[in-house]
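Okay, structure first, notes after.
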Amino acid sequence: MRFINKSISCPHCGHHQHINIDATCGDQDYYEDCRVCCNPIHMRLHMDEAQHKIEFFIDSDDEQIY
């Protein structure tokens, strides 16, 4: 299995926390609650097989993307 441990910063309160990313399931789009402020953190994982890269994005999900 391919698990990656990363440190992220909550987009709501800025608290740093460690998360485990499961890179065995391909592209993912999910939410996890911040351990401090309990607000949802939107997480997106994209597997770029051609370049052997994993792209990981986080946001507060209240940001508008155009």
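Here's how to read the names in the structure tokens: chain A, B, ... by the order shown, residue numbers from 1 in each chain, ligand numbers from 1 in the order shown.
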task: Identify, with DSSP run on backbone atoms, the residues in segment 2-66 of chain A assigned to strand (DSSP E), and express the list as a VMD selection string.
output: chain A and resid 3 to 9 16 to 22 28 to 33 40 to 48 53 to 59
message: When you look at segment 37-53 of chain A with a cut-off of 8 Å (counting only C-alpha atoms), what residues show up, excluding the ones that are within fewer than 6 positions of it in the same chain? I need them as a ChimeraX atom specification.
response: /A:10-13,23,26-31,59-61
What does the file look like for those residues with N, CA and C atoms, as a PDB file, in the first residue's frame?
```pdb
ATOM      1  N   CYS A  10      -4.919  24.136   8.458  1.00  0.00           N
ATOM      2  CA  CYS A  10      -6.363  24.310   8.266  1.00  0.00           C
ATOM      3  C   CYS A  10      -6.625  25.647   7.586  1.00  0.00           C
ATOM      4  N   PRO A  11      -7.428  25.665   6.509  1.00  0.00           N
ATOM      5  CA  PRO A  11      -7.714  26.930   5.823  1.00  0.00           C
ATOM      6  C   PRO A  11      -8.627  27.858   6.636  1.00  0.00           C
ATOM      7  N   HIS A  12      -9.239  27.340   7.703  1.00  0.00           N
ATOM      8  CA  HIS A  12     -10.133  28.144   8.539  1.00  0.00           C
ATOM      9  C   HIS A  12      -9.390  28.803   9.706  1.00  0.00           C
ATOM     10  N   CYS A  13      -8.664  27.976  10.485  1.00  0.00           N
ATOM     11  CA  CYS A  13      -8.033  28.490  11.704  1.00  0.00           C
ATOM     12  C   CYS A  13      -6.510  28.523  11.641  1.00  0.00           C
ATOM     13  N   ALA A  23      -2.910   6.774  -1.263  1.00  0.00           N
ATOM     14  CA  ALA A  23      -2.721   7.009  -2.692  1.00  0.00           C
ATOM     15  C   ALA A  23      -2.986   5.762  -3.525  1.00  0.00           C
ATOM     16  N   GLY A  26      -6.513   6.078  -6.434  1.00  0.00           N
ATOM     17  CA  GLY A  26      -6.633   6.995  -7.559  1.00  0.00           C
ATOM     18  C   GLY A  26      -7.108   8.373  -7.126  1.00  0.00           C
ATOM     19  N   ASP A  27      -7.736   9.094  -8.043  1.00  0.00           N
ATOM     20  CA  ASP A  27      -8.227  10.441  -7.742  1.00  0.00           C
ATOM     21  C   ASP A  27      -9.293  10.379  -6.660  1.00  0.00           C
ATOM     22  N   GLN A  28      -9.243  11.355  -5.751  1.00  0.00           N
ATOM     23  CA  GLN A  28     -10.194  11.385  -4.637  1.00  0.00           C
ATOM     24  C   GLN A  28     -10.647  12.810  -4.384  1.00  0.00           C
ATOM     25  N   ASP A  29     -11.834  12.939  -3.833  1.00  0.00           N
ATOM     26  CA  ASP A  29     -12.414  14.222  -3.461  1.00  0.00           C
ATOM     27  C   ASP A  29     -13.202  13.973  -2.188  1.00  0.00           C
ATOM     28  N   TYR A  30     -12.731  14.502  -1.052  1.00  0.00           N
ATOM     29  CA  TYR A  30     -13.378  14.189   0.223  1.00  0.00           C
ATOM     30  C   TYR A  30     -13.205  15.332   1.221  1.00  0.00           C
ATOM     31  N   TYR A  31     -13.868  15.208   2.364  1.00  0.00           N
ATOM     32  CA  TYR A  31     -13.828  16.199   3.434  1.00  0.00           C
ATOM     33  C   TYR A  31     -13.361  15.548   4.725  1.00  0.00           C
ATOM     34  N   ASP A  59      -8.752  23.188   0.530  1.00  0.00           N
ATOM     35  CA  ASP A  59      -9.381  24.496   0.600  1.00  0.00           C
ATOM     36  C   ASP A  59     -10.519  24.437   1.602  1.00  0.00           C
ATOM     37  N   SER A  60     -11.109  25.591   1.872  1.00  0.00           N
ATOM     38  CA  SER A  60     -12.171  25.670   2.870  1.00  0.00           C
ATOM     39  C   SER A  60     -13.546  25.385   2.269  1.00  0.00           C
ATOM     40  N   ASP A  61     -13.608  25.184   0.976  1.00  0.00           N
ATOM     41  CA  ASP A  61     -14.834  24.892   0.232  1.00  0.00           C
ATOM     42  C   ASP A  61     -15.822  26.038   0.216  1.00  0.00           C
TER      43      ASP A  61
END
```
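Here the question is which of A:His18, A:Arg2, A:Thr24, A:Ile8 gets nearest to Phe56 of chain A using only C-alpha atoms, and that residue is A:Ile8.
Separating atom CA of Phe3 of chain A from atom CA of Asn20 of chain A is a distance of 6.4 Å.
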Nearby residues (only C-alpha atoms) at most 9 Å from Gln17 of chain A, same-chain spacing under 6 positions excluded, as an MDAnalysis selection string: chainID A and resid 6:10 34:35
